[in-house]
Amino acid sequence: MNAIEFNHVNKSFGSFAIEDLNLTVPTGTICGLVGENGAGKSTSIKLLLNALRPDSGTIQVLGMDTCDPAYVAVKNDIGVVLDDAWLPETITAKQVGSIMADTYINWDSALYESYLTRFSLPRDKKFKDFSRGMRMKLSIAVALSHDPKLLVLDEATAGLDPIVRDEVVELFNEFTREETHSILISSHILSDLEKLCDYIAFIHEGRLLFCEEKDRLLEEYAIFVGTTEQADSLLPEAIVHREGNGLGGVRAMVRRSQVPATLTLEKPTMEDIILNLVKGAKRS
Amino acid sequence: MQLVIRNTTDQPIYDQLCQQIKAQIIAGALKPGDALPSIRGLAKDLKISVITTKRAYDELESEGFLNTIPGKGCFVAEKDLALVREHRLREMEEKLTSAIELARSCDVSEQELLSLIHALYEEANL
Amino acid sequence: MKALLKKDFYVLWNSMKALLLLIVIFSLIPSGFQNVFAVLYAAMLPYSALAYDERSHWDQMAAAMPYSTRDIIRSKYVLGWITSAGAFLFSTMIQLVVRSYLKMPTPVSLLFVSMCISWAIIAITLPFMFRWGVEKARLTMVLIIALVCGAAGALTSIATMSVAIGGDKIPCPLIVGAPVAAIVINLISMPLSEKWYERRK
């Protein structure tokens with residue numbers, strides 16, 4: 001079964017459009033959604049929460065069509081952290097807990113309390129005085145405290161300092177120890193996605209360029225560093241993107257399968273792969 | 001069971017997993033019938049992808065090192081280890097033979113080759 | 001629904017305290033008509049709540065939580081009904097206490113009609129808010145203020161007349177007609193709001 005399924009989804013407003021989006025997140029896996037600002041990540045997330053309706057195509061979440069009136073009940077099983085949307089800021093963490101207890105069927109007050117303690121969040125302070133990191137932590141505490149099966153995280157690690165970010169990434173990793181649990185996470189901090197994800201989906205200008213298993217991507221691509229002559233001798237289709245340094249040196253991302261095995265290659269990071277694919281896509 | 005996954009090497013993660021588990025089965029550190037951690041548990045402990053872990057287990061199973069009993073988990077298979085060892089010895093002989101051929105082709109003496117093997121062995125032990 | 005109302009009460013708690021204080025102060029003023037303003041002001045509280053919601057993009061978060069569109073819409077109506085009714089009841093109580101000391105009559109029926117007008121204002125203006133949002137619906141805001149002031153003016157003149165006739169005598173058809181009209185307008189308004197809100201998706 002799949003946790004999330006986009007089937008030929010189209011949605012346009014003004015100059016921006018999501019075109020023929022097909023994306024599947026199998027149950028039990030973590031899928032990272034990558035793309036530039038305005039590429040369509042947030043729109044896709046709003047579509048799957050039914051905050052926006054597709055012009056055409058269907059979206060299924062946890063086996064239910066998002067346009068089905070019964071989808072509202074499915075949201076009990078979805079934990080959500082959105083980038084810039086939250087409760088009005090004149091309330092306290094304690095009041096948030098009380099509101100959520102009346103919102104979610106499975107709300108676990110004790111668990112919520114334990115997250116507040118763990119994240120050292122003050123209970124009686126209006127959260128307009130919270131830093132961005134503290135707000136994110138409060139959102140994450142809410143998202144995890146109602147026994148969700150699916151987490152939808154839009155830039156959930158943004159604004160967190162490295163130590164807290166690591167802790168949060170670990171929490172998400174633990175969450176999927178249960179095989180019925182899945183995560184869709186969008187982030188532009190690619191190193192977080194590299195640590196966490198099973199799949200990487202890459203959206204560019206409203207279209208899904210690929211959705212690949214992360215380790216396959218890391219195996220398929222490699223970084224070549226050498227002279228211009230060496231680079232010129234490679235098959236043109238082997239090179240995704242190359243950049244010269246003006247002094248006869250070249251750094252290029254290549255497909256491992258299409259270059260000679262004797263060539264010395266470096267292991268790419270997820271950031272290398274995404275950046276080179278974006279630049280490669282722009283050039284063509 | 002001891003597993004160390006390196007992100008810096010060129011060796012794919014599934015392959016690292018495969019080789020290390022295989023080595024421990026052959027060395028006898030893992031005995032036939034021993035339970036292996038669940039795919040999901042191992043992936044989360046090692047902080048690697050579930051799919052990659054499954055790929056490693058699938059490969060070990062297809063090579064006959066593991067048995068999966070549905071609903072119970074993965075276990076080290078009963079395998080004729082003597083046969084595996086035999087197989088490996090033959091592979092080693094083949095590789096050494098080609099090494100000797102290479103040595104002859106560029107005038108490396110037997111003594112030099114042996115000391116090279118000795119040096120490499122020491123290095124690998126570190 | 002309960003969660004949504006709770007949220008708005010937490011958010012508006014300071015505004016509500018201010019309103020209660022205002023009612024107490026108004027009640028001390030001899031003419032007694034000022035409480036009409038307080039009751040009508042209560043009709044503005046849902047807009048306050050909507051403005052807070054909008055500033056924190058709550059609508060997007062609410063869409064992610066198990067609330068139906070119907071609950072999201074209706075909670076704002078219910079909030080308005082409760083705050084107006086609360087302002088009416090509190091005004092009446094305080095006035096009865098304070099003014100019995102001062103030996104002055106309390107214009108209960110006048111306050112009651114104010115509450116009905118509050119409900120009607122909510123019903124007339126909320127659909128516009130749900131269609132365009134508080135920020136963009138500035139014109140609607142002008143309409144609300146005009147309605148509030150107009151209603152207050154009208155009521156005050158009716159009351160002055162009735163006081164001239166003698167005591168708390170609002171024409172009977174108004175006392176029966178006002179709540180009926182308010183309920184009818186609300187029943188028409190709610191489905192309209194839902195339809196317009198859905199269109200934003």
# chains A, B, ... in the order shown; residues from 1 in each chain; ligands from 1

call {"tool": "residues_around", "arguments": {"residues": "C:Ala51", "least_positions_apart": "6", "cutoff": "12 Å", "atoms": "only C-alpha atoms", "output": "list in words"}}
result
Pro88 and Glu89 of chain A; Asp8, Val11, Leu12, Met44, Leu45, His57, Trp58, Asp59, Lys76, Met129, Phe130, Gly133, Val134, Glu135, Lys136, Ala137, Arg138 and Met141 of chain C

call {"tool": "residues_around", "arguments": {"residues": "stretch 277-282 of chain A", "least_positions_apart": "2", "cutoff": "7 Å", "atoms": "only C-alpha atoms", "output": "VMD selection string"}}
result
chain A and resid 240 to 241 273 to 275 284

call {"tool": "residues_around", "arguments": {"residues": "stretch 67-71 of chain C", "least_positions_apart": "5", "cutoff": "12 Å", "atoms": "only C-alpha atoms", "output": "ChimeraX atom specification"}}
result
/A:49-51,68-76,100,102-105 /C:1-5,59-62,76-79,130,190-201

call {"tool": "write_last_selection", "arguments": {"atoms": "N, CA and C atoms", "output": "short mmCIF file (atom, residue, chain, number, x, y, z; two decimals), in the first residue's frame"}}
result
data_model
loop_
_atom_site.label_atom_id
_atom_site.label_comp_id
_atom_site.auth_asym_id
_atom_site.auth_seq_id
_atom_site.Cartn_x
_atom_site.Cartn_y
_atom_site.Cartn_z
N LEU A 49 -3.14 17.95 1.39
CA LEU A 49 -3.93 18.20 2.60
C LEU A 49 -5.34 18.69 2.25
N ASN A 50 -5.61 18.80 0.94
CA ASN A 50 -6.89 19.31 0.47
C ASN A 50 -7.13 20.77 0.89
N ALA A 51 -6.03 21.50 1.12
CA ALA A 51 -6.17 22.94 1.32
C ALA A 51 -6.32 23.60 -0.05
N ASP A 68 -12.73 13.21 -1.14
CA ASP A 68 -13.81 12.50 -0.45
C ASP A 68 -14.16 13.25 0.84
N PRO A 69 -15.45 13.49 1.10
CA PRO A 69 -15.81 14.21 2.35
C PRO A 69 -15.29 13.50 3.61
N ALA A 70 -15.11 12.17 3.53
CA ALA A 70 -14.63 11.42 4.69
C ALA A 70 -13.13 11.64 4.95
N TYR A 71 -12.46 12.36 4.05
CA TYR A 71 -11.02 12.59 4.20
C TYR A 71 -10.70 13.36 5.49
N VAL A 72 -11.67 14.19 5.92
CA VAL A 72 -11.47 14.98 7.15
C VAL A 72 -11.06 14.07 8.32
N ALA A 73 -11.70 12.91 8.42
CA ALA A 73 -11.40 12.01 9.54
C ALA A 73 -10.00 11.42 9.41
N VAL A 74 -9.52 11.24 8.17
CA VAL A 74 -8.19 10.68 7.95
C VAL A 74 -7.11 11.61 8.52
N LYS A 75 -7.43 12.90 8.61
CA LYS A 75 -6.44 13.86 9.11
C LYS A 75 -6.07 13.63 10.57
N ASN A 76 -6.87 12.82 11.26
CA ASN A 76 -6.48 12.40 12.60
C ASN A 76 -5.18 11.61 12.58
N MET A 100 -5.75 21.10 21.09
CA MET A 100 -5.49 19.88 20.30
C MET A 100 -6.17 18.66 20.91
N ASP A 102 -9.06 18.64 22.01
CA ASP A 102 -10.42 18.64 21.45
C ASP A 102 -10.41 18.49 19.94
N THR A 103 -9.21 18.45 19.34
CA THR A 103 -9.11 18.38 17.88
C THR A 103 -8.89 16.94 17.41
N TYR A 104 -7.91 16.27 18.04
CA TYR A 104 -7.53 14.94 17.58
C TYR A 104 -8.13 13.86 18.47
N ILE A 105 -8.65 12.83 17.83
CA ILE A 105 -9.24 11.70 18.58
C ILE A 105 -8.18 11.04 19.46
N MET C 1 -15.40 21.48 16.44
CA MET C 1 -16.05 22.77 16.69
C MET C 1 -15.63 23.34 18.04
N LYS C 2 -15.64 22.46 19.07
CA LYS C 2 -15.28 22.91 20.40
C LYS C 2 -13.84 23.45 20.41
N ALA C 3 -12.97 22.72 19.71
CA ALA C 3 -11.56 23.13 19.66
C ALA C 3 -11.42 24.50 19.02
N LEU C 4 -12.17 24.70 17.93
CA LEU C 4 -12.06 25.97 17.20
C LEU C 4 -12.56 27.14 18.04
N LEU C 5 -13.67 26.91 18.77
CA LEU C 5 -14.19 27.97 19.63
C LEU C 5 -13.22 28.27 20.76
N ASP C 59 -5.60 29.39 8.43
CA ASP C 59 -6.48 28.64 7.52
C ASP C 59 -5.76 27.44 6.90
N GLN C 60 -4.45 27.62 6.59
CA GLN C 60 -3.71 26.51 6.01
C GLN C 60 -3.50 25.38 7.01
N MET C 61 -3.21 25.79 8.27
CA MET C 61 -3.00 24.79 9.31
C MET C 61 -4.31 24.07 9.59
N ALA C 62 -5.41 24.84 9.64
CA ALA C 62 -6.72 24.24 9.93
C ALA C 62 -7.08 23.22 8.85
N LYS C 76 -17.10 30.50 13.55
CA LYS C 76 -17.03 31.97 13.60
C LYS C 76 -18.42 32.57 13.84
N TYR C 77 -19.45 31.96 13.22
CA TYR C 77 -20.81 32.42 13.49
C TYR C 77 -21.16 32.22 14.96
N VAL C 78 -20.88 31.00 15.42
CA VAL C 78 -21.22 30.67 16.82
C VAL C 78 -20.48 31.60 17.76
N LEU C 79 -19.21 31.87 17.44
CA LEU C 79 -18.42 32.80 18.26
C LEU C 79 -19.14 34.14 18.36
N PHE C 130 -15.12 35.51 4.35
CA PHE C 130 -14.67 34.18 3.96
C PHE C 130 -14.32 34.13 2.48
N MET C 190 -24.96 31.25 6.26
CA MET C 190 -23.98 30.18 6.53
C MET C 190 -23.64 29.33 5.30
N PRO C 191 -24.65 28.82 4.57
CA PRO C 191 -24.29 28.05 3.37
C PRO C 191 -23.55 28.89 2.33
N LEU C 192 -23.89 30.17 2.26
CA LEU C 192 -23.22 31.07 1.32
C LEU C 192 -21.73 31.17 1.67
N SER C 193 -21.44 31.35 2.96
CA SER C 193 -20.04 31.42 3.42
C SER C 193 -19.28 30.16 3.04
N GLU C 194 -19.92 29.01 3.29
CA GLU C 194 -19.27 27.73 2.98
C GLU C 194 -18.92 27.65 1.51
N LYS C 195 -19.87 28.05 0.67
CA LYS C 195 -19.68 27.98 -0.77
C LYS C 195 -18.52 28.89 -1.19
N TRP C 196 -18.53 30.10 -0.65
CA TRP C 196 -17.49 31.07 -1.03
C TRP C 196 -16.12 30.66 -0.51
N TYR C 197 -16.11 30.04 0.67
CA TYR C 197 -14.83 29.62 1.25
C TYR C 197 -14.22 28.49 0.40
N GLU C 198 -15.07 27.55 -0.02
CA GLU C 198 -14.61 26.44 -0.86
C GLU C 198 -14.02 26.95 -2.16
N ARG C 199 -14.59 28.05 -2.65
CA ARG C 199 -14.15 28.56 -3.93
C ARG C 199 -12.69 29.04 -3.87
N ARG C 200 -12.23 29.40 -2.68
CA ARG C 200 -10.84 29.87 -2.54
C ARG C 200 -9.83 28.76 -2.80
N LYS C 201 -10.27 27.51 -2.68
CA LYS C 201 -9.35 26.40 -2.93
C LYS C 201 -9.00 26.30 -4.40
#

call {"tool": "closest_residue", "arguments": {"among": "A:His146, A:Arg165, A:Lys125, A:Lys195", "to": "A:Trp107", "atoms": "only C-alpha atoms"}}
result
A:His146

call {"tool": "residues_around", "arguments": {"residues": "A:Asp147", "least_positions_apart": "6", "cutoff": "9 Å", "atoms": "only C-alpha atoms", "output": "MDAnalysis selection string"}}
result
chainID A and resid 76:79 106:108

call {"tool": "write_last_selection", "arguments": {"atoms": "C-alpha atoms", "output": "JSON list (two decimals), in the first residue's frame"}}
result
[["chain", "number", "residue", "atom", "x", "y", "z"],
["A", 76, "ASN", "CA", -6.48, 12.40, 12.60],
["A", 77, "ASP", "CA", -3.72, 10.13, 11.33],
["A", 78, "ILE", "CA", -1.64, 12.90, 9.74],
["A", 79, "GLY", "CA", 0.84, 15.01, 11.66],
["A", 106, "ASN", "CA", -5.93, 10.12, 19.60],
["A", 107, "TRP", "CA", -4.42, 13.11, 21.40],
["A", 108, "ASP", "CA", -1.93, 12.02, 24.07]]

call {"tool": "interface_residues", "arguments": {"of": "chain A", "to": "chain B", "cutoff": "7 Å", "atoms": "only C-alpha atoms", "output": "number ranges by chain"}}
result
A: 173-174, 177, 197-198, 215, 219, 267

call {"tool": "write_last_selection", "arguments": {"atoms": "N, CA and C atoms", "output": "tab-separated table (two decimals), in the first residue's frame"}}
result
chain	number	residue	atom	x	y	z
A	173	ASN	N	13.46	9.77	12.33
A	173	ASN	CA	14.02	8.46	12.00
A	173	ASN	C	13.37	7.38	12.88
A	174	GLU	N	13.24	7.67	14.17
A	174	GLU	CA	12.61	6.74	15.11
A	174	GLU	C	11.14	6.51	14.75
A	177	ARG	N	10.37	3.67	12.56
A	177	ARG	CA	10.71	2.32	12.99
A	177	ARG	C	9.47	1.42	12.88
A	197	CYS	N	16.25	10.26	4.34
A	197	CYS	CA	15.27	9.78	3.37
A	197	CYS	C	15.60	8.44	2.74
A	198	ASP	N	14.54	7.75	2.33
A	198	ASP	CA	14.69	6.57	1.49
A	198	ASP	C	14.60	6.98	0.02
A	215	ASP	N	19.95	6.04	-2.19
A	215	ASP	CA	21.24	5.37	-2.33
A	215	ASP	C	21.57	5.04	-3.79
A	219	GLU	N	24.79	6.16	-5.86
A	219	GLU	CA	25.60	5.18	-6.59
A	219	GLU	C	25.74	5.54	-8.06
A	267	LYS	N	33.04	10.65	-4.45
A	267	LYS	CA	31.66	10.36	-4.07
A	267	LYS	C	30.90	11.68	-3.91
